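Have a look at target-v4.txt below; it lists compact mmCIF, C-alpha atoms.
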# COMPACT_ATOMS: atom_id res chain seq x y z
CA MET D 1 -17.17 -17.78 32.31
CA ILE D 2 -19.73 -16.49 34.78
CA ARG D 3 -22.23 -16.32 31.95
CA LYS D 4 -21.61 -19.97 31.10
CA LEU D 5 -22.08 -21.00 34.73
CA PHE D 6 -25.36 -19.10 34.90
CA VAL D 7 -26.63 -20.59 31.66
CA GLY D 8 -25.50 -24.04 32.81
CA ALA D 9 -27.41 -23.65 36.07
CA ALA D 10 -30.53 -22.52 34.21
CA ALA D 11 -30.26 -25.43 31.75
CA SER D 12 -29.82 -27.88 34.62
CA ALA D 13 -32.90 -26.49 36.33
CA LEU D 14 -34.84 -26.87 33.10
CA PHE D 15 -33.59 -30.44 32.77
CA GLY D 16 -34.72 -31.19 36.31
CA LEU D 17 -38.17 -29.80 35.67
CA LEU D 18 -38.54 -31.69 32.38
CA ALA D 19 -37.26 -34.97 33.82
CA TRP D 20 -39.60 -34.71 36.79
CA SER D 21 -42.65 -34.04 34.63
CA LEU D 22 -41.70 -36.74 32.12
CA TYR D 23 -41.25 -39.21 34.95
CA HIS D 24 -44.84 -38.64 35.97
CA LEU D 25 -46.27 -39.41 32.53
CA PRO D 26 -48.54 -42.48 32.44
CA ALA D 27 -46.63 -45.70 31.84
CA HIS D 28 -49.06 -47.03 29.24
CA PRO D 29 -50.98 -44.21 27.57
CA ALA D 30 -53.95 -45.05 25.41
CA GLY D 31 -52.48 -43.65 22.23
CA LEU D 32 -54.02 -43.87 18.80
CA THR D 33 -52.71 -47.27 17.69
CA VAL D 34 -56.08 -49.00 17.87
CA GLN D 35 -57.88 -46.36 15.87
CA ALA D 36 -55.10 -46.11 13.30
CA HIS D 37 -55.04 -49.85 12.70
CA ALA D 38 -58.83 -50.08 12.63
CA ALA D 39 -59.16 -47.57 9.81
CA LEU D 40 -56.25 -49.05 7.84
CA PRO D 41 -58.28 -51.10 5.31
CA ARG D 42 -60.09 -47.96 4.18
CA SER D 43 -57.00 -45.81 3.98
CA GLY D 44 -55.57 -47.33 0.81
CA VAL D 45 -52.27 -48.49 2.27
CA SER D 46 -51.36 -51.15 4.80
CA HIS D 47 -48.51 -49.47 6.66
CA PRO D 48 -49.83 -47.35 9.54
CA VAL D 49 -47.17 -44.64 9.42
CA THR D 50 -47.77 -44.04 5.70
CA ALA D 51 -51.51 -43.97 6.34
CA VAL D 52 -51.05 -41.35 9.06
CA LEU D 53 -48.70 -39.27 6.90
CA LEU D 54 -50.72 -39.22 3.72
CA ASN D 55 -54.27 -39.95 4.71
CA TYR D 56 -55.21 -39.28 8.32
CA ARG D 57 -52.95 -36.23 8.65
CA GLY D 58 -52.38 -35.45 5.02
CA TYR D 59 -52.88 -31.73 5.55
CA ASP D 60 -49.85 -31.59 7.86
CA THR D 61 -47.73 -33.27 5.20
CA LEU D 62 -48.99 -30.80 2.61
CA LEU D 63 -47.88 -27.88 4.77
CA GLU D 64 -44.58 -29.57 5.48
CA ILE D 65 -43.79 -29.95 1.78
CA ALA D 66 -44.63 -26.26 1.41
CA VAL D 67 -42.10 -25.51 4.15
CA LEU D 68 -39.45 -27.46 2.24
CA LEU D 69 -40.13 -25.39 -0.87
CA LEU D 70 -39.98 -22.23 1.24
CA ALA D 71 -36.57 -23.24 2.55
CA VAL D 72 -35.24 -23.62 -1.00
CA VAL D 73 -36.71 -20.24 -1.95
CA GLY D 74 -34.99 -18.74 1.08
CA VAL D 75 -31.62 -20.25 0.25
CA TRP D 76 -31.89 -19.27 -3.40
CA SER D 77 -32.72 -15.65 -2.59
CA LEU D 78 -29.86 -15.30 -0.12
CA ARG D 79 -26.96 -16.65 -2.09
CA ALA D 80 -25.86 -17.42 -5.62
CA MET D 81 -23.55 -20.37 -6.06
CA PRO D 82 -21.73 -21.23 -9.29
CA ALA D 83 -22.59 -24.63 -10.68
CA GLY D 84 -19.08 -26.05 -10.53
CA GLY D 85 -18.49 -24.92 -6.95
CA PRO D 86 -15.27 -25.35 -4.98
CA GLU D 87 -16.29 -28.81 -3.77
CA ALA D 88 -16.54 -30.19 -7.29
CA ARG D 89 -13.04 -31.44 -7.95
CA GLY D 90 -14.09 -34.70 -9.55
CA ALA D 91 -11.45 -37.11 -8.34
CA PRO D 92 -11.21 -40.22 -10.58
CA ILE D 93 -12.04 -42.71 -7.83
CA LEU D 94 -15.17 -40.74 -7.04
CA GLY D 95 -16.13 -40.90 -10.70
CA ALA D 96 -15.78 -44.67 -10.72
CA LEU D 97 -17.76 -44.94 -7.51
CA LEU D 98 -20.49 -42.72 -8.90
CA ARG D 99 -21.05 -45.03 -11.84
CA LEU D 100 -21.83 -47.83 -9.39
CA ILE D 101 -23.56 -46.03 -6.57
CA VAL D 102 -25.86 -43.49 -8.20
CA PRO D 103 -27.89 -46.06 -10.19
CA SER D 104 -28.14 -48.24 -7.07
CA LEU D 105 -29.34 -45.26 -5.04
CA LEU D 106 -31.95 -44.40 -7.64
CA LEU D 107 -33.14 -48.01 -7.71
CA VAL D 108 -33.33 -48.34 -3.94
CA GLY D 109 -35.04 -44.94 -3.74
CA GLY D 110 -37.71 -46.08 -6.16
CA TYR D 111 -38.08 -49.30 -4.19
CA MET D 112 -38.53 -47.31 -0.97
CA LEU D 113 -41.26 -45.30 -2.63
CA TRP D 114 -43.14 -48.40 -3.73
CA ILE D 115 -42.72 -50.40 -0.56
CA GLY D 116 -43.98 -47.50 1.57
CA ALA D 117 -47.52 -48.73 1.11
CA PHE D 118 -46.93 -51.99 2.95
CA ALA D 119 -43.68 -51.71 4.88
CA PRO D 120 -41.44 -49.00 6.36
CA GLY D 121 -40.59 -46.61 3.58
CA GLY D 122 -42.37 -44.00 1.57
CA ALA D 123 -41.75 -40.70 -0.11
CA PHE D 124 -39.47 -39.22 2.56
CA GLN D 125 -37.09 -42.13 2.69
CA GLY D 126 -36.98 -42.40 -1.11
CA GLY D 127 -36.44 -38.66 -1.34
CA ALA D 128 -33.62 -38.89 1.18
CA LEU D 129 -31.86 -41.49 -0.97
CA LEU D 130 -32.42 -39.39 -4.06
CA GLY D 131 -30.96 -36.40 -2.22
CA GLY D 132 -27.95 -38.49 -1.28
CA ALA D 133 -27.44 -39.40 -4.93
CA LEU D 134 -27.60 -35.71 -5.88
CA VAL D 135 -25.08 -34.80 -3.19
CA LEU D 136 -22.67 -37.41 -4.57
CA LEU D 137 -23.14 -36.08 -8.08
CA LEU D 138 -22.47 -32.53 -6.91
CA LEU D 139 -19.34 -33.66 -5.14
CA GLY D 140 -18.17 -35.47 -8.23
CA GLY D 141 -18.26 -32.33 -10.31
CA LEU D 142 -21.29 -33.21 -12.39
CA GLY D 143 -23.37 -30.39 -10.94
CA GLY D 144 -22.98 -28.22 -13.98
CA ALA D 145 -24.83 -30.66 -16.19
CA LEU D 146 -27.58 -31.04 -13.61
CA LEU D 147 -28.17 -27.41 -12.75
CA ARG D 148 -28.12 -26.14 -16.30
CA HIS D 149 -31.88 -26.41 -16.86
CA ILE D 150 -33.05 -23.98 -14.21
CA GLY D 151 -36.62 -23.86 -15.50
CA LEU D 152 -37.00 -27.62 -15.30
CA LEU D 153 -35.40 -27.55 -11.86
CA ARG D 154 -37.95 -25.02 -10.66
CA VAL D 155 -40.83 -27.11 -11.96
CA ALA D 156 -39.48 -30.29 -10.39
CA LEU D 157 -38.89 -28.60 -7.03
CA SER D 158 -42.47 -27.39 -6.81
CA ALA D 159 -43.99 -30.52 -8.36
CA GLY D 160 -44.54 -32.19 -4.99
CA LEU D 161 -46.51 -29.31 -3.56
CA LEU D 162 -48.45 -28.66 -6.77
CA VAL D 163 -49.45 -32.30 -7.25
CA PHE D 164 -50.51 -32.52 -3.61
CA ILE D 165 -52.66 -29.40 -3.92
CA ALA D 166 -54.11 -30.60 -7.23
CA VAL D 167 -55.09 -33.96 -5.75
CA GLY D 168 -56.61 -32.18 -2.77
CA ALA D 169 -58.58 -29.82 -4.99
CA LEU D 170 -59.82 -32.65 -7.22
CA SER D 171 -60.85 -34.61 -4.14
CA MET D 172 -62.72 -31.58 -2.92
CA ALA D 173 -64.49 -31.32 -6.26
CA VAL D 174 -65.60 -34.95 -5.98
CA THR D 175 -66.33 -35.43 -2.29
CA GLY D 176 -66.69 -31.91 -0.95
CA THR D 177 -63.87 -31.96 1.63
CA LEU D 178 -60.25 -31.00 1.08
CA LEU D 179 -58.02 -34.08 0.82
CA GLN D 180 -60.91 -36.48 1.36
CA TYR D 181 -59.95 -39.14 -1.16
CA PRO D 182 -62.80 -40.74 -3.10
CA GLU D 183 -63.70 -44.32 -2.16
CA GLY D 184 -61.37 -46.92 -3.64
CA LEU D 185 -58.97 -44.38 -5.15
CA ALA D 186 -57.07 -43.63 -1.96
CA GLY D 187 -54.18 -46.01 -2.66
CA THR D 188 -53.63 -44.73 -6.20
CA LEU D 189 -53.84 -41.09 -5.20
CA ILE D 190 -51.40 -41.66 -2.35
CA LEU D 191 -48.93 -43.24 -4.77
CA VAL D 192 -49.26 -40.30 -7.17
CA ILE D 193 -48.68 -37.79 -4.38
CA GLU D 194 -45.74 -39.75 -3.03
CA SER D 195 -44.04 -40.00 -6.41
CA ALA D 196 -44.14 -36.25 -6.97
CA ALA D 197 -43.15 -35.62 -3.36
CA MET D 198 -40.15 -37.95 -3.60
CA VAL D 199 -38.75 -36.06 -6.59
CA SER D 200 -39.32 -32.73 -4.87
CA ILE D 201 -37.79 -33.83 -1.59
CA GLY D 202 -34.72 -35.28 -3.28
CA LEU D 203 -34.14 -32.15 -5.34
CA THR D 204 -34.75 -29.94 -2.30
CA LEU D 205 -32.08 -31.76 -0.32
CA GLY D 206 -29.68 -31.57 -3.26
CA ALA D 207 -30.37 -27.86 -3.67
CA MET D 208 -29.76 -27.34 0.06
CA PHE D 209 -26.39 -28.99 -0.27
CA HIS D 210 -25.48 -26.90 -3.30
CA GLY D 211 -26.20 -23.90 -1.12
CA GLY D 212 -27.37 -21.25 -3.49
CA ARG D 213 -29.09 -20.16 -6.64
CA PRO D 214 -27.34 -21.90 -9.55
CA VAL D 215 -25.59 -19.38 -11.77
CA ARG D 216 -23.32 -19.83 -14.70
CA ALA D 217 -19.72 -20.01 -13.52
CA GLU D 218 -17.60 -17.67 -15.62
CA GLY D 219 -14.81 -19.56 -17.29
CA ALA D 220 -15.13 -22.74 -15.21
CA GLY D 221 -15.35 -25.84 -17.37
CA ASP D 222 -18.37 -28.03 -16.86
CA ASP D 223 -17.90 -31.77 -16.84
CA GLU D 224 -20.04 -33.76 -19.17
CA MET T 1 -31.76 -58.32 30.68
CA ILE T 2 -29.19 -57.91 27.95
CA GLU T 3 -31.52 -55.55 26.11
CA HIS T 4 -31.84 -53.38 29.20
CA LEU T 5 -28.06 -53.20 29.40
CA PHE T 6 -28.06 -52.17 25.75
CA ASP T 7 -30.60 -49.45 26.53
CA VAL T 8 -28.55 -48.09 29.41
CA LEU T 9 -25.36 -48.05 27.34
CA LEU T 10 -27.09 -46.37 24.43
CA ALA T 11 -28.63 -43.75 26.72
CA LEU T 12 -25.26 -42.96 28.31
CA LEU T 13 -23.59 -42.79 24.90
CA ILE T 14 -26.21 -40.42 23.51
CA THR T 15 -25.96 -38.13 26.51
CA TRP T 16 -22.16 -38.07 26.32
CA LEU T 17 -22.18 -37.42 22.56
CA GLY T 18 -24.70 -34.62 23.02
CA TRP T 19 -22.54 -33.07 25.71
CA ARG T 20 -19.43 -33.25 23.50
CA ALA T 21 -21.25 -31.93 20.44
CA VAL T 22 -22.23 -28.68 22.16
CA THR T 23 -19.15 -28.06 24.27
CA ASP T 24 -16.29 -29.04 22.01
CA ARG T 25 -14.10 -26.06 21.12
CA ASP T 26 -12.98 -27.40 17.76
CA SER T 27 -15.77 -26.93 15.21
CA LEU T 28 -14.77 -29.88 13.05
CA ARG T 29 -14.79 -32.23 16.03
CA ALA T 30 -18.16 -30.89 17.09
CA VAL T 31 -19.63 -31.61 13.64
CA VAL T 32 -18.21 -35.13 13.57
CA THR T 33 -19.56 -35.78 17.06
CA PHE T 34 -22.93 -34.53 15.88
CA ILE T 35 -22.88 -37.00 12.98
CA ALA T 36 -22.07 -39.79 15.44
CA LEU T 37 -24.97 -38.62 17.63
CA GLY T 38 -27.27 -38.83 14.63
CA LEU T 39 -26.20 -42.40 13.90
CA MET T 40 -26.68 -43.46 17.52
CA LEU T 41 -30.09 -41.85 17.40
CA ALA T 42 -30.91 -43.95 14.32
CA LEU T 43 -30.06 -47.02 16.44
CA THR T 44 -32.40 -45.69 19.12
CA TRP T 45 -35.24 -45.36 16.65
CA LEU T 46 -34.73 -49.00 15.75
CA ARG T 47 -34.75 -49.98 19.40
CA LEU T 48 -37.99 -48.04 19.93
CA ARG T 49 -39.58 -49.87 16.97
CA ALA T 50 -39.61 -46.95 14.52
CA PRO T 51 -37.88 -48.28 11.37
CA ASP T 52 -39.18 -45.49 9.14
CA LEU T 53 -37.53 -42.97 11.42
CA ALA T 54 -34.30 -44.95 11.47
CA LEU T 55 -34.14 -44.85 7.67
CA ALA T 56 -34.84 -41.13 7.52
CA GLU T 57 -32.53 -40.24 10.41
CA ALA T 58 -29.55 -42.19 9.10
CA ALA T 59 -29.88 -40.72 5.61
CA VAL T 60 -30.98 -37.18 6.32
CA GLY T 61 -30.54 -36.39 9.99
CA ALA T 62 -27.02 -37.69 10.36
CA GLY T 63 -25.77 -37.84 6.79
CA LEU T 64 -27.13 -34.81 5.04
CA THR T 65 -27.02 -32.45 8.03
CA GLY T 66 -23.44 -33.50 8.66
CA ALA T 67 -22.60 -32.90 5.01
CA LEU T 68 -24.23 -29.46 5.15
CA LEU T 69 -22.27 -28.51 8.26
CA LEU T 70 -18.98 -29.78 6.84
CA VAL T 71 -19.47 -27.93 3.57
CA SER T 72 -20.31 -24.77 5.49
CA LEU T 73 -17.16 -25.17 7.58
CA LYS T 74 -15.05 -25.60 4.48
CA ARG T 75 -16.57 -22.60 2.71
CA ARG T 76 -16.01 -20.55 5.83
CA GLN T 77 -12.32 -21.46 5.85
CA SER T 78 -11.70 -20.85 2.19
CA ARG T 79 -13.53 -17.53 2.12
CA PRO T 80 -13.40 -16.00 5.60
CA GLU T 81 -14.94 -12.68 4.64
CA GLY T 82 -18.24 -14.31 3.77
CA ASN T 83 -20.06 -14.50 0.50
CA PRO T 84 -19.57 -11.23 -1.36
CA ILE T 85 -22.01 -12.05 -4.16
CA GLU T 86 -25.04 -9.82 -3.83
CA PRO T 87 -28.37 -11.28 -4.90
CA GLY T 88 -30.10 -9.30 -7.56
CA LYS T 89 -26.89 -8.35 -9.31
CA GLU T 90 -26.58 -11.81 -10.87
CA GLU T 91 -28.67 -12.83 -13.81
CA SER T 92 -29.15 -16.58 -13.72
CA MET F 1 -37.06 -58.50 21.98
CA SER F 2 -38.07 -57.23 25.38
CA GLU F 3 -39.71 -53.93 25.98
CA PRO F 4 -37.30 -50.97 25.83
CA LEU F 5 -36.71 -48.78 28.85
CA THR F 6 -38.84 -45.91 27.59
CA GLY F 7 -38.54 -43.97 30.85
CA LEU F 8 -34.79 -43.80 30.40
CA TYR F 9 -35.16 -42.57 26.83
CA LEU F 10 -37.57 -39.88 27.99
CA ILE F 11 -34.96 -38.61 30.45
CA VAL F 12 -32.27 -38.70 27.77
CA GLY F 13 -34.54 -36.68 25.49
CA ALA F 14 -34.95 -34.05 28.20
CA ALA F 15 -31.18 -34.07 28.73
CA LEU F 16 -30.51 -33.51 25.02
CA PHE F 17 -32.98 -30.61 25.04
CA ALA F 18 -31.31 -28.98 28.04
CA LEU F 19 -27.82 -29.58 26.61
CA GLY F 20 -28.85 -28.08 23.30
CA LEU F 21 -30.32 -25.03 25.01
CA TYR F 22 -27.10 -24.54 26.95
CA GLY F 23 -25.06 -24.84 23.76
CA LEU F 24 -27.36 -22.45 21.91
CA ILE F 25 -26.88 -19.69 24.50
CA ALA F 26 -23.32 -20.32 25.63
CA SER F 27 -21.55 -21.06 22.33
CA ALA F 28 -19.69 -18.27 20.65
CA HIS F 29 -19.43 -19.67 17.14
CA ILE F 30 -22.56 -19.54 15.02
CA LEU F 31 -21.95 -23.01 13.63
CA ARG F 32 -21.98 -24.52 17.09
CA LYS F 33 -25.20 -22.67 17.85
CA ILE F 34 -26.77 -24.36 14.84
CA ILE F 35 -25.47 -27.74 16.00
CA ALA F 36 -26.95 -27.06 19.45
CA LEU F 37 -30.30 -26.23 17.85
CA ASN F 38 -30.25 -29.58 16.07
CA VAL F 39 -29.40 -31.36 19.32
CA MET F 40 -32.44 -29.70 20.92
CA ALA F 41 -34.64 -30.89 18.07
CA ASN F 42 -33.30 -34.43 18.41
CA GLY F 43 -34.14 -34.35 22.11
CA VAL F 44 -37.73 -33.44 21.32
CA PHE F 45 -37.94 -36.24 18.75
CA LEU F 46 -36.64 -38.72 21.29
CA VAL F 47 -39.35 -37.72 23.76
CA PHE F 48 -41.99 -38.13 21.05
CA VAL F 49 -40.84 -41.58 19.96
CA ALA F 50 -40.35 -42.84 23.52
CA THR F 51 -43.91 -41.80 24.32
CA ALA F 52 -45.12 -43.58 21.19
CA ALA F 53 -43.31 -46.76 22.24
CA ARG F 54 -45.06 -46.69 25.59
CA VAL F 55 -48.47 -47.30 24.06
CA SER F 56 -48.07 -51.05 23.63
CA ALA F 57 -45.31 -53.60 23.36
CA ASP F 58 -45.36 -54.44 19.67
CA ALA F 59 -47.64 -51.84 18.07
CA PRO F 60 -46.25 -48.35 18.69
CA ASP F 61 -48.44 -45.34 18.11
CA PRO F 62 -47.92 -44.31 14.47
CA VAL F 63 -49.00 -40.67 14.86
CA PRO F 64 -45.88 -39.45 16.72
CA HIS F 65 -43.76 -41.42 14.22
CA ALA F 66 -45.27 -39.43 11.37
CA MET F 67 -44.78 -36.15 13.22
CA VAL F 68 -41.12 -36.91 13.92
CA LEU F 69 -40.57 -37.99 10.32
CA THR F 70 -41.72 -34.64 9.00
CA GLY F 71 -39.83 -32.99 11.84
CA ILE F 72 -36.53 -34.59 10.80
CA VAL F 73 -36.83 -33.42 7.20
CA VAL F 74 -37.93 -29.92 8.19
CA ALA F 75 -35.04 -29.68 10.66
CA VAL F 76 -32.57 -30.46 7.88
CA CYS F 77 -33.96 -27.73 5.64
CA ALA F 78 -34.04 -25.28 8.53
CA THR F 79 -30.38 -26.07 9.19
CA GLY F 80 -29.53 -25.44 5.54
CA LEU F 81 -31.34 -22.11 5.56
CA ALA F 82 -29.73 -21.15 8.89
CA LEU F 83 -26.26 -21.86 7.50
CA VAL F 84 -26.87 -19.63 4.48
CA LEU F 85 -28.25 -16.91 6.77
CA ALA F 86 -25.15 -17.18 8.95
CA ASP F 87 -23.02 -16.66 5.90
CA ARG F 88 -24.98 -13.54 4.99
CA VAL F 89 -24.62 -12.20 8.52
CA ARG F 90 -20.89 -12.66 8.31
CA ALA F 91 -20.71 -10.89 4.96
CA THR F 92 -22.54 -7.83 6.24
CA PRO F 93 -20.16 -5.09 7.43
CA PRO F 94 -20.60 -4.26 11.13
CA GLY F 95 -21.96 -0.76 10.80
CA THR F 96 -24.67 -1.59 8.30
CA ASP F 97 -27.80 -1.54 10.46
CA ASP F 98 -28.85 0.48 13.47
CA GLY F 99 -27.74 -1.99 16.15
CA GLU F 100 -24.31 -1.96 17.70
CA HIS F 101 -23.86 -5.75 17.80
CA GLY F 102 -20.51 -6.96 16.61
CA ARG F 103 -19.81 -9.89 14.39
CA TRP F 104 -20.65 -13.28 15.82
CA THR F 105 -17.64 -15.23 14.74
Encoded form using structure tokens:
Amino acid sequence: MIRKLFVGAAASALFGLLAWSLYHLPAHPAGLTVQAHAALPRSGVSHPVTAVLLNYRGYDTLLEIAVLLLAVVGVWSLRAMPAGGPEARGAPILGALLRLIVPSLLLVGGYMLWIGAFAPGGAFQGGALLGGALVLLLLGGLGGALLRHIGLLRVALSAGLLVFIAVGALSMAVTGTLLQYPEGLAGTLILVIESAAMVSIGLTLGAMFHGGRPVRAEGAGDDE
Amino acid sequence: MIEHLFDVLLALLITWLGWRAVTDRDSLRAVVTFIALGLMLALTWLRLRAPDLALAEAAVGAGLTGALLLVSLKRRQSRPEGNPIEPGKEES
Amino acid sequence: MSEPLTGLYLIVGAALFALGLYGLIASAHILRKIIALNVMANGVFLVFVATAARVSADAPDPVPHAMVLTGIVVAVCATGLALVLADRVRATPPGTDDGEHGRWT
């Protein structure tokens, strides 16, 4: 109890310090909006957040996708989880719902990927929807069919990072700077990177939910 | 004026949800409160004109993190001694 | 839509950070520590986005938005990895390594 009071006092002091310093921030900072919007016609997309993510600060996004892959590698090396895990009971209502929802999620995910060039959206949002579809499939007991092809799963998980690095290397071969897209090709290259990244992100989130390296469950029946 | 009232209410709600999420003694209630916090945060991203963030937060920050925590809670209850499977002894 | 009260959101972000730090240190259960860590991260994101909204009324700064977007996805994967690590910690018998720390749950 004394420890909690002490920690509470320390946290309150930290809050006071943070609030005081945040209060003294400028009310209208200059920011980077003007520069971001000014360079937008040359960036290949017309949505500023997508341009920042995949063009102005593309290197950060490359490293972040590598971190996602690293997280899956970490989870897979720490635990092995049978494909038809304890969550996969496959209730009949869930099966009926899956037939409706999973195709809709895939469609909306693809739409998010495409619309990311001109409106809020992009690879991360599409990947999140794809991950949601995978989570529903795992809950419905169809994980066994999905996780059977481990080799293909490995390739698809690393596809985002590999495609990103390949595009960066090819750009370096053409223009001399890493991730400096050639003139006029920026929009196409961004779409290619985003497509691979969406698949990777969705599968990463699904693999995180599954919680371990997929192994063959002994004696458990797999749904087809 | 109404929007400022909305801001104040949202700020109070987020603070209260954050307080309950870290101090609740029941783990299940804490996880559910955390999911609610994530959804209120998605509303905040919309209010602060960040629709990309609202999409990502609602799907991943609130939904998937909540699902991960709930699954972990359930696995913890059904197998309280932890995962006995040793990596390296399984051939996948 | 009028301009949001960004100062208030900045304070709330600081509050979430402090609350999360308190929960991280003071909670006994490892799961609640992970929740507290996520609350801290959300506080940081709120400070970022509130600062971005301060730049101008209808054209927020897109750079912090991109940073927070990657931050949200990385935080989810870090949470997943932390949960698996917590499970491994629980499965390790208490006398395994040199330290004398007991089990956390």
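Neighbours of region 48-50 of chain F closer than or equal to 8 Å, with only C-alpha atoms counted and sequence neighbours fewer than 3 positions away skipped, come out as T:Trp45, T:Leu48, T:Ala50, F:Thr6, F:Gly7, F:Tyr9, F:Leu10, F:Val44, F:Phe45, F:Ala53, F:Arg54, F:Pro64, F:His65, F:Val68.
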Show me, as number ranges by chain, the residues of chain D whose atoms get within 6 Å of chain T, using only C-alpha atoms for the distance check.
D: 120-121, 125, 209, 215
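Shortest atom-to-atom contact with Pro4 (chain F) among F:Leu16, F:Val39, F:Ile34, F:Ala52: F:Ala52, counting only C-alpha atoms.
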Chain F residues within 10 Å of chain D, counting only C-alpha atoms: which ones, as a PyMOL selection string? chain F and resi 6-8+10-27+47+51-57+59-67+69-85+87-88
Taken to one decimal, the CA of Ala83 (chain D)-CA of Leu139 (chain D) distance is 11.1 Å
Separating CA of Ser195 (chain D) from CA of Gly127 (chain D), to the nearest tenth of an Å, is a gap of 9.2 Å
query: Neighbours of Val199 (chain D) within 12 Å (all atoms listed in the file; same-chain residues fewer than 3 positions away dropped), as a ChimeraX atom specification?
result: /D:65,106,109-110,113,122-131,133-134,153-161,163,192-196,202-206
Residues within 6 Å of region 30-41 of chain T, please, as a PDB file with C-alpha atoms, in the frame of the given file. Count only C-alpha atoms; anything in the same chain fewer than 4 positions from it doesn't count.
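Result went into around.pdb, see below:
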ATOM      1  CA  LEU T  17     -22.180 -37.420  22.560  1.00  0.00           C
ATOM      2  CA  ALA T  21     -21.250 -31.930  20.440  1.00  0.00           C
ATOM      3  CA  ASP T  24     -16.290 -29.040  22.010  1.00  0.00           C
ATOM      4  CA  ALA T  58     -29.550 -42.190   9.100  1.00  0.00           C
ATOM      5  CA  ALA T  62     -27.020 -37.690  10.360  1.00  0.00           C
ATOM      6  CA  GLY T  66     -23.440 -33.500   8.660  1.00  0.00           C
TER       7      GLY T  66
END
With 3 Å added on each side, what axis-aligned box encloses every listed atom of region 54-65 of chain T? Give the centre and edge lengths in Å to one decimal, as JSON.
{"center_x": -30.3, "center_y": -38.7, "center_z": 8.3, "size_x": 15.1, "size_y": 18.5, "size_z": 12.4}
